[in-house]
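One file, query03.cif, is given below (mmCIF, N, CA and C atoms).
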data_run
loop_
_atom_site.label_atom_id
_atom_site.label_comp_id
_atom_site.auth_asym_id
_atom_site.auth_seq_id
_atom_site.Cartn_x
_atom_site.Cartn_y
_atom_site.Cartn_z
N MET A 1 -23.21 7.78 -3.65
CA MET A 1 -23.52 6.49 -4.18
C MET A 1 -24.25 6.67 -5.50
N HIS A 2 -23.85 5.87 -6.45
CA HIS A 2 -24.49 5.91 -7.76
C HIS A 2 -24.77 4.48 -8.20
N PHE A 3 -25.98 4.26 -8.68
CA PHE A 3 -26.39 2.94 -9.14
C PHE A 3 -26.86 3.05 -10.58
N SER A 4 -26.22 2.30 -11.46
CA SER A 4 -26.68 2.26 -12.84
C SER A 4 -27.27 0.88 -13.09
N ASN A 5 -27.68 0.63 -14.31
CA ASN A 5 -28.24 -0.68 -14.64
C ASN A 5 -27.17 -1.77 -14.67
N LYS A 6 -25.89 -1.37 -14.68
CA LYS A 6 -24.81 -2.36 -14.75
C LYS A 6 -23.87 -2.35 -13.55
N PHE A 7 -23.70 -1.19 -12.90
CA PHE A 7 -22.65 -1.07 -11.89
C PHE A 7 -23.12 -0.33 -10.64
N VAL A 8 -22.32 -0.49 -9.56
CA VAL A 8 -22.52 0.20 -8.29
C VAL A 8 -21.24 0.98 -8.00
N THR A 9 -21.38 2.26 -7.64
CA THR A 9 -20.23 3.10 -7.34
C THR A 9 -20.49 3.86 -6.05
N ALA A 10 -19.48 3.93 -5.18
CA ALA A 10 -19.59 4.68 -3.94
C ALA A 10 -18.33 5.53 -3.77
N THR A 11 -18.50 6.78 -3.40
CA THR A 11 -17.37 7.68 -3.19
C THR A 11 -17.53 8.39 -1.85
N VAL A 12 -16.38 8.78 -1.29
CA VAL A 12 -16.36 9.59 -0.08
C VAL A 12 -15.64 10.88 -0.46
N ARG A 13 -16.34 12.00 -0.25
CA ARG A 13 -15.79 13.30 -0.61
C ARG A 13 -15.44 14.09 0.65
N HIS A 14 -14.35 14.83 0.55
CA HIS A 14 -13.94 15.74 1.62
C HIS A 14 -14.62 17.07 1.33
N SER A 15 -15.57 17.45 2.17
CA SER A 15 -16.42 18.61 1.89
C SER A 15 -15.68 19.94 1.74
N PRO A 16 -14.78 20.31 2.64
CA PRO A 16 -14.15 21.63 2.50
C PRO A 16 -13.35 21.81 1.21
N THR A 17 -12.70 20.76 0.75
CA THR A 17 -11.87 20.89 -0.46
C THR A 17 -12.55 20.33 -1.70
N ALA A 18 -13.69 19.67 -1.54
CA ALA A 18 -14.44 19.07 -2.65
C ALA A 18 -13.60 18.08 -3.44
N THR A 19 -12.75 17.34 -2.74
CA THR A 19 -11.94 16.31 -3.39
C THR A 19 -12.44 14.93 -2.97
N VAL A 20 -12.16 13.94 -3.80
CA VAL A 20 -12.56 12.57 -3.49
C VAL A 20 -11.51 11.96 -2.58
N ALA A 21 -11.94 11.56 -1.39
CA ALA A 21 -11.02 10.95 -0.43
C ALA A 21 -10.79 9.48 -0.77
N SER A 22 -11.84 8.79 -1.19
CA SER A 22 -11.74 7.38 -1.55
C SER A 22 -12.97 6.99 -2.35
N SER A 23 -12.82 5.93 -3.14
CA SER A 23 -13.96 5.45 -3.91
C SER A 23 -13.79 3.96 -4.20
N ALA A 24 -14.90 3.33 -4.53
CA ALA A 24 -14.91 1.92 -4.92
C ALA A 24 -16.05 1.72 -5.91
N SER A 25 -15.83 0.84 -6.88
CA SER A 25 -16.84 0.63 -7.90
C SER A 25 -16.79 -0.81 -8.39
N SER A 26 -17.93 -1.31 -8.82
CA SER A 26 -17.96 -2.65 -9.39
C SER A 26 -17.43 -2.65 -10.82
N GLN A 27 -17.02 -1.49 -11.32
CA GLN A 27 -16.40 -1.41 -12.64
C GLN A 27 -14.92 -1.78 -12.61
N GLU A 28 -14.33 -1.82 -11.42
CA GLU A 28 -12.91 -2.14 -11.30
C GLU A 28 -12.67 -3.58 -11.77
N LYS A 29 -11.65 -3.76 -12.59
CA LYS A 29 -11.40 -5.07 -13.19
C LYS A 29 -11.14 -6.14 -12.14
N ALA A 30 -10.45 -5.79 -11.06
CA ALA A 30 -10.13 -6.77 -10.02
C ALA A 30 -11.40 -7.28 -9.33
N LEU A 31 -12.40 -6.43 -9.22
CA LEU A 31 -13.64 -6.83 -8.55
C LEU A 31 -14.60 -7.54 -9.49
N ARG A 32 -14.63 -7.13 -10.74
CA ARG A 32 -15.61 -7.70 -11.67
C ARG A 32 -15.47 -9.22 -11.80
N SER A 33 -14.25 -9.70 -11.81
CA SER A 33 -14.05 -11.14 -11.97
C SER A 33 -14.49 -11.91 -10.73
N ALA A 34 -14.47 -11.27 -9.56
CA ALA A 34 -14.83 -11.95 -8.32
C ALA A 34 -16.33 -11.88 -8.02
N MET A 35 -17.07 -11.11 -8.80
CA MET A 35 -18.50 -10.94 -8.55
C MET A 35 -19.32 -11.69 -9.59
N GLU A 36 -20.42 -12.28 -9.13
CA GLU A 36 -21.35 -12.90 -10.07
C GLU A 36 -22.14 -11.83 -10.81
N ASN A 37 -22.62 -10.85 -10.05
CA ASN A 37 -23.44 -9.79 -10.61
C ASN A 37 -22.86 -8.47 -10.11
N THR A 38 -22.73 -7.47 -10.97
CA THR A 38 -22.10 -6.21 -10.58
C THR A 38 -23.10 -5.13 -10.20
N ARG A 39 -24.39 -5.48 -10.04
CA ARG A 39 -25.37 -4.44 -9.76
C ARG A 39 -26.38 -4.78 -8.67
N ASP A 40 -26.25 -5.92 -8.01
CA ASP A 40 -27.24 -6.31 -7.01
C ASP A 40 -26.80 -5.90 -5.60
N VAL A 41 -27.57 -6.30 -4.61
CA VAL A 41 -27.31 -5.93 -3.21
C VAL A 41 -26.00 -6.57 -2.72
N ALA A 42 -25.71 -7.78 -3.16
CA ALA A 42 -24.45 -8.43 -2.75
C ALA A 42 -23.25 -7.66 -3.29
N ALA A 43 -23.34 -7.15 -4.50
CA ALA A 43 -22.27 -6.34 -5.07
C ALA A 43 -22.12 -5.05 -4.29
N ALA A 44 -23.23 -4.45 -3.90
CA ALA A 44 -23.19 -3.21 -3.11
C ALA A 44 -22.52 -3.46 -1.77
N ALA A 45 -22.77 -4.60 -1.16
CA ALA A 45 -22.14 -4.94 0.12
C ALA A 45 -20.62 -5.09 -0.05
N LYS A 46 -20.19 -5.72 -1.13
CA LYS A 46 -18.75 -5.87 -1.38
C LYS A 46 -18.09 -4.51 -1.62
N ILE A 47 -18.79 -3.64 -2.33
CA ILE A 47 -18.27 -2.30 -2.59
C ILE A 47 -18.14 -1.53 -1.27
N GLY A 48 -19.13 -1.64 -0.41
CA GLY A 48 -19.07 -0.98 0.89
C GLY A 48 -17.92 -1.47 1.75
N LYS A 49 -17.71 -2.77 1.75
CA LYS A 49 -16.60 -3.35 2.52
C LYS A 49 -15.26 -2.85 1.99
N LEU A 50 -15.11 -2.85 0.67
CA LEU A 50 -13.87 -2.38 0.07
C LEU A 50 -13.65 -0.89 0.36
N LEU A 51 -14.72 -0.10 0.28
CA LEU A 51 -14.62 1.33 0.56
C LEU A 51 -14.21 1.56 2.01
N GLY A 52 -14.78 0.81 2.93
CA GLY A 52 -14.41 0.92 4.34
C GLY A 52 -12.94 0.59 4.58
N GLU A 53 -12.46 -0.46 3.94
CA GLU A 53 -11.05 -0.84 4.08
C GLU A 53 -10.13 0.24 3.52
N ARG A 54 -10.51 0.82 2.38
CA ARG A 54 -9.70 1.88 1.78
C ARG A 54 -9.69 3.14 2.65
N LEU A 55 -10.81 3.45 3.28
CA LEU A 55 -10.86 4.61 4.18
C LEU A 55 -9.95 4.41 5.37
N LEU A 56 -9.97 3.23 5.96
CA LEU A 56 -9.10 2.95 7.11
C LEU A 56 -7.63 2.98 6.73
N GLN A 57 -7.30 2.51 5.52
CA GLN A 57 -5.91 2.56 5.05
C GLN A 57 -5.43 4.00 4.89
N LYS A 58 -6.34 4.89 4.52
CA LYS A 58 -5.98 6.30 4.34
C LYS A 58 -6.04 7.08 5.65
N GLY A 59 -6.44 6.43 6.73
CA GLY A 59 -6.49 7.09 8.02
C GLY A 59 -7.74 7.92 8.25
N ILE A 60 -8.84 7.53 7.62
CA ILE A 60 -10.11 8.23 7.80
C ILE A 60 -11.00 7.33 8.66
N PRO A 61 -11.12 7.64 9.96
CA PRO A 61 -11.85 6.75 10.86
C PRO A 61 -13.35 6.96 10.90
N ALA A 62 -13.83 8.13 10.41
CA ALA A 62 -15.26 8.43 10.51
C ALA A 62 -15.72 9.23 9.30
N VAL A 63 -16.94 8.98 8.86
CA VAL A 63 -17.54 9.71 7.75
C VAL A 63 -19.01 9.99 8.08
N SER A 64 -19.59 10.93 7.37
CA SER A 64 -21.02 11.16 7.49
C SER A 64 -21.68 10.77 6.17
N VAL A 65 -22.88 10.26 6.26
CA VAL A 65 -23.59 9.78 5.08
C VAL A 65 -24.65 10.81 4.70
N LEU A 66 -24.57 11.29 3.48
CA LEU A 66 -25.56 12.21 2.95
C LEU A 66 -26.24 11.53 1.77
N LEU A 67 -27.52 11.32 1.89
CA LEU A 67 -28.28 10.67 0.82
C LEU A 67 -28.96 11.71 -0.05
N LYS A 68 -29.08 11.40 -1.32
CA LYS A 68 -29.85 12.26 -2.21
C LYS A 68 -31.32 12.17 -1.83
N ARG A 69 -32.08 13.13 -2.26
CA ARG A 69 -33.49 13.18 -1.88
C ARG A 69 -34.24 11.91 -2.28
N GLU A 70 -33.92 11.36 -3.44
CA GLU A 70 -34.65 10.19 -3.92
C GLU A 70 -34.13 8.88 -3.34
N GLN A 71 -33.00 8.91 -2.64
CA GLN A 71 -32.45 7.69 -2.06
C GLN A 71 -33.04 7.43 -0.68
N LYS A 72 -33.46 6.22 -0.46
CA LYS A 72 -33.97 5.81 0.83
C LYS A 72 -33.00 4.80 1.43
N TYR A 73 -33.02 4.69 2.76
CA TYR A 73 -32.09 3.80 3.45
C TYR A 73 -32.63 2.37 3.43
N HIS A 74 -32.51 1.71 2.29
CA HIS A 74 -32.86 0.30 2.17
C HIS A 74 -32.19 -0.24 0.91
N GLY A 75 -32.20 -1.54 0.77
CA GLY A 75 -31.63 -2.17 -0.42
C GLY A 75 -30.15 -1.94 -0.57
N LYS A 76 -29.73 -1.45 -1.74
CA LYS A 76 -28.31 -1.26 -2.03
C LYS A 76 -27.68 -0.19 -1.16
N VAL A 77 -28.41 0.87 -0.89
CA VAL A 77 -27.89 1.94 -0.03
C VAL A 77 -27.60 1.39 1.36
N LYS A 78 -28.52 0.64 1.91
CA LYS A 78 -28.34 0.05 3.24
C LYS A 78 -27.17 -0.93 3.23
N ALA A 79 -27.02 -1.71 2.16
CA ALA A 79 -25.92 -2.68 2.07
C ALA A 79 -24.57 -1.96 2.08
N ILE A 80 -24.45 -0.86 1.35
CA ILE A 80 -23.18 -0.13 1.32
C ILE A 80 -22.89 0.47 2.69
N VAL A 81 -23.85 1.16 3.27
CA VAL A 81 -23.63 1.83 4.56
C VAL A 81 -23.32 0.82 5.66
N ASP A 82 -24.06 -0.28 5.71
CA ASP A 82 -23.80 -1.30 6.73
C ASP A 82 -22.43 -1.94 6.55
N SER A 83 -22.01 -2.17 5.32
CA SER A 83 -20.70 -2.78 5.07
C SER A 83 -19.56 -1.84 5.45
N VAL A 84 -19.73 -0.55 5.20
CA VAL A 84 -18.71 0.42 5.61
C VAL A 84 -18.61 0.42 7.14
N ARG A 85 -19.75 0.38 7.81
CA ARG A 85 -19.76 0.35 9.28
C ARG A 85 -19.10 -0.93 9.79
N GLU A 86 -19.39 -2.07 9.19
CA GLU A 86 -18.81 -3.35 9.62
C GLU A 86 -17.31 -3.39 9.37
N ALA A 87 -16.82 -2.63 8.40
CA ALA A 87 -15.39 -2.59 8.13
C ALA A 87 -14.63 -1.83 9.20
N GLY A 88 -15.35 -1.09 10.06
CA GLY A 88 -14.70 -0.40 11.17
C GLY A 88 -14.73 1.11 11.08
N VAL A 89 -15.40 1.66 10.09
CA VAL A 89 -15.51 3.11 9.95
C VAL A 89 -16.73 3.58 10.72
N LYS A 90 -16.56 4.62 11.53
CA LYS A 90 -17.68 5.16 12.29
C LYS A 90 -18.50 6.08 11.40
N LEU A 91 -19.81 6.01 11.55
CA LEU A 91 -20.71 6.90 10.81
C LEU A 91 -21.19 7.98 11.75
N VAL A 92 -21.00 9.21 11.35
CA VAL A 92 -21.36 10.35 12.19
C VAL A 92 -22.66 10.94 11.70
#
Take the structure from the file and write it as structure tokens.
Amino acid sequence: MHFSNKFVTATVRHSPTATVASSASSQEKALRSAMENTRDVAAAAKIGKLLGERLLQKGIPAVSVLLKREQKYHGKVKAIVDSVREAGVKLV
């Protein structure tokens, strides 16, 4: 998960191959027009929901969440993780 002053980005990486399995960002043109703000908690929740849907479409039913040392489980991080879980992806 990456948060800038303008955008929210979330990616899921496949650890053994170090490739990106799926990603979602508020920088995507299709999402920007549907969002009032591209950097708040509501935007993070939409990004999480979209990421969860993309993971299920690719056949990835479960992921593990690894947070950076400075990231705490609240605010935007919590919104993304909860939205991915609500989309039907299991968190291991």
Could you please write out, as an mmCIF file with N, CA and C atoms, in the coordinates of the input, every residue of region 3-84 of chain A that DSSP assigns to helix (DSSP H, G or I)?
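Wrote it out as part_39.cif, contents follow:
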data_model
loop_
_atom_site.group_PDB
_atom_site.id
_atom_site.type_symbol
_atom_site.label_atom_id
_atom_site.label_comp_id
_atom_site.auth_asym_id
_atom_site.auth_seq_id
_atom_site.Cartn_x
_atom_site.Cartn_y
_atom_site.Cartn_z
ATOM 1 N N LYS A 29 -11.650 -3.760 -12.590
ATOM 2 C CA LYS A 29 -11.400 -5.070 -13.190
ATOM 3 C C LYS A 29 -11.140 -6.140 -12.140
ATOM 4 N N ALA A 30 -10.450 -5.790 -11.060
ATOM 5 C CA ALA A 30 -10.130 -6.770 -10.020
ATOM 6 C C ALA A 30 -11.400 -7.280 -9.330
ATOM 7 N N LEU A 31 -12.400 -6.430 -9.220
ATOM 8 C CA LEU A 31 -13.640 -6.830 -8.550
ATOM 9 C C LEU A 31 -14.600 -7.540 -9.490
ATOM 10 N N ARG A 32 -14.630 -7.130 -10.740
ATOM 11 C CA ARG A 32 -15.610 -7.700 -11.670
ATOM 12 C C ARG A 32 -15.470 -9.220 -11.800
ATOM 13 N N VAL A 41 -27.570 -6.300 -4.610
ATOM 14 C CA VAL A 41 -27.310 -5.930 -3.210
ATOM 15 C C VAL A 41 -26.000 -6.570 -2.720
ATOM 16 N N ALA A 42 -25.710 -7.780 -3.160
ATOM 17 C CA ALA A 42 -24.450 -8.430 -2.750
ATOM 18 C C ALA A 42 -23.250 -7.660 -3.290
ATOM 19 N N ALA A 43 -23.340 -7.150 -4.500
ATOM 20 C CA ALA A 43 -22.270 -6.340 -5.070
ATOM 21 C C ALA A 43 -22.120 -5.050 -4.290
ATOM 22 N N ALA A 44 -23.230 -4.450 -3.900
ATOM 23 C CA ALA A 44 -23.190 -3.210 -3.110
ATOM 24 C C ALA A 44 -22.520 -3.460 -1.770
ATOM 25 N N ALA A 45 -22.770 -4.600 -1.160
ATOM 26 C CA ALA A 45 -22.140 -4.940 0.120
ATOM 27 C C ALA A 45 -20.620 -5.090 -0.050
ATOM 28 N N LYS A 46 -20.190 -5.720 -1.130
ATOM 29 C CA LYS A 46 -18.750 -5.870 -1.380
ATOM 30 C C LYS A 46 -18.090 -4.510 -1.620
ATOM 31 N N ILE A 47 -18.790 -3.640 -2.330
ATOM 32 C CA ILE A 47 -18.270 -2.300 -2.590
ATOM 33 C C ILE A 47 -18.140 -1.530 -1.270
ATOM 34 N N GLY A 48 -19.130 -1.640 -0.410
ATOM 35 C CA GLY A 48 -19.070 -0.980 0.890
ATOM 36 C C GLY A 48 -17.920 -1.470 1.750
ATOM 37 N N LYS A 49 -17.710 -2.770 1.750
ATOM 38 C CA LYS A 49 -16.600 -3.350 2.520
ATOM 39 C C LYS A 49 -15.260 -2.850 1.990
ATOM 40 N N LEU A 50 -15.110 -2.850 0.670
ATOM 41 C CA LEU A 50 -13.870 -2.380 0.070
ATOM 42 C C LEU A 50 -13.650 -0.890 0.360
ATOM 43 N N LEU A 51 -14.720 -0.100 0.280
ATOM 44 C CA LEU A 51 -14.620 1.330 0.560
ATOM 45 C C LEU A 51 -14.210 1.560 2.010
ATOM 46 N N GLY A 52 -14.780 0.810 2.930
ATOM 47 C CA GLY A 52 -14.410 0.920 4.340
ATOM 48 C C GLY A 52 -12.940 0.590 4.580
ATOM 49 N N GLU A 53 -12.460 -0.460 3.940
ATOM 50 C CA GLU A 53 -11.050 -0.840 4.080
ATOM 51 C C GLU A 53 -10.130 0.240 3.520
ATOM 52 N N ARG A 54 -10.510 0.820 2.380
ATOM 53 C CA ARG A 54 -9.700 1.880 1.780
ATOM 54 C C ARG A 54 -9.690 3.140 2.650
ATOM 55 N N LEU A 55 -10.810 3.450 3.280
ATOM 56 C CA LEU A 55 -10.860 4.610 4.180
ATOM 57 C C LEU A 55 -9.950 4.410 5.370
ATOM 58 N N LEU A 56 -9.970 3.230 5.960
ATOM 59 C CA LEU A 56 -9.100 2.950 7.110
ATOM 60 C C LEU A 56 -7.630 2.980 6.730
ATOM 61 N N GLN A 57 -7.300 2.510 5.520
ATOM 62 C CA GLN A 57 -5.910 2.560 5.050
ATOM 63 C C GLN A 57 -5.430 4.000 4.890
ATOM 64 N N LYS A 76 -29.730 -1.450 -1.740
ATOM 65 C CA LYS A 76 -28.310 -1.260 -2.030
ATOM 66 C C LYS A 76 -27.680 -0.190 -1.160
ATOM 67 N N VAL A 77 -28.410 0.870 -0.890
ATOM 68 C CA VAL A 77 -27.890 1.940 -0.030
ATOM 69 C C VAL A 77 -27.600 1.390 1.360
ATOM 70 N N LYS A 78 -28.520 0.640 1.910
ATOM 71 C CA LYS A 78 -28.340 0.050 3.240
ATOM 72 C C LYS A 78 -27.170 -0.930 3.230
ATOM 73 N N ALA A 79 -27.020 -1.710 2.160
ATOM 74 C CA ALA A 79 -25.920 -2.680 2.070
ATOM 75 C C ALA A 79 -24.570 -1.960 2.080
ATOM 76 N N ILE A 80 -24.450 -0.860 1.350
ATOM 77 C CA ILE A 80 -23.180 -0.130 1.320
ATOM 78 C C ILE A 80 -22.890 0.470 2.690
ATOM 79 N N VAL A 81 -23.850 1.160 3.270
ATOM 80 C CA VAL A 81 -23.630 1.830 4.560
ATOM 81 C C VAL A 81 -23.320 0.820 5.660
ATOM 82 N N ASP A 82 -24.060 -0.280 5.710
ATOM 83 C CA ASP A 82 -23.800 -1.300 6.730
ATOM 84 C C ASP A 82 -22.430 -1.940 6.550
ATOM 85 N N SER A 83 -22.010 -2.170 5.320
ATOM 86 C CA SER A 83 -20.700 -2.780 5.070
ATOM 87 C C SER A 83 -19.560 -1.840 5.450
ATOM 88 N N VAL A 84 -19.730 -0.550 5.200
ATOM 89 C CA VAL A 84 -18.710 0.420 5.610
ATOM 90 C C VAL A 84 -18.610 0.420 7.140
#
Query raised in the report: Quick one: distance from CA of Ala18 (chain A) to CA of Leu66 (chain A) in Å, one decimal?
Result: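 According to the coordinates, CA of Ala18 (chain A) and CA of Leu66 (chain A) are separated by 14.2 Å.
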Query raised in the report: Which polymer residues, protein or nucleic acid, are no farther than 7 Å from (-24.0, -2.3, -11.3), counting all atoms listed in the file, as a VMD selection string?
Result: chain A and resid 3 to 9 26 37 to 40
Query raised in the report: So which residues touch Val12 (chain A) within 8 Å, counting only C-alpha atoms, skipping near sequence neighbours fewer than 4 positions away, as number ranges by chain?
Result: A: 20-23, 63
Requested in this report: Check which residues satisfy the PyMOL selection byres ((chain A and resi 70-86) around 6.5) in the file shown, then give them as number ranges by chain.
Outcome: A: 40-41, 44-45, 47-49, 51-52, 67-69, 87-91
Report task. Find the distance between CA of Gln57 (chain A) and CA of Glu36 (chain A) and write it in Å to one decimal. Result ->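 One can read the CA of Gln57 (chain A) to CA of Glu36 (chain A) distance as 26.6 Å.
Computed from the coordinates, the atom N of His2 (chain A) to CA of Gln27 (chain A) distance equals 12.1 Å.
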Query raised in the report: Of the candidates A:Met1, A:Ser64, A:Ala10, A:Lys46, which shows the shortest atom-to-atom distance to Arg32 (chain A), using only C-alpha atoms?
Result: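 Ranked by minimum distance to Arg32 (chain A), first place goes to A:Lys46.
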Report task. Name the residues of chain A that fall into strand (DSSP E) according to DSSP on the backbone, using the chain letters and numbers of this document, as an MDAnalysis selection string. Result -> chainID A and resid 2:3 8:14 19:25 62:63 90:91
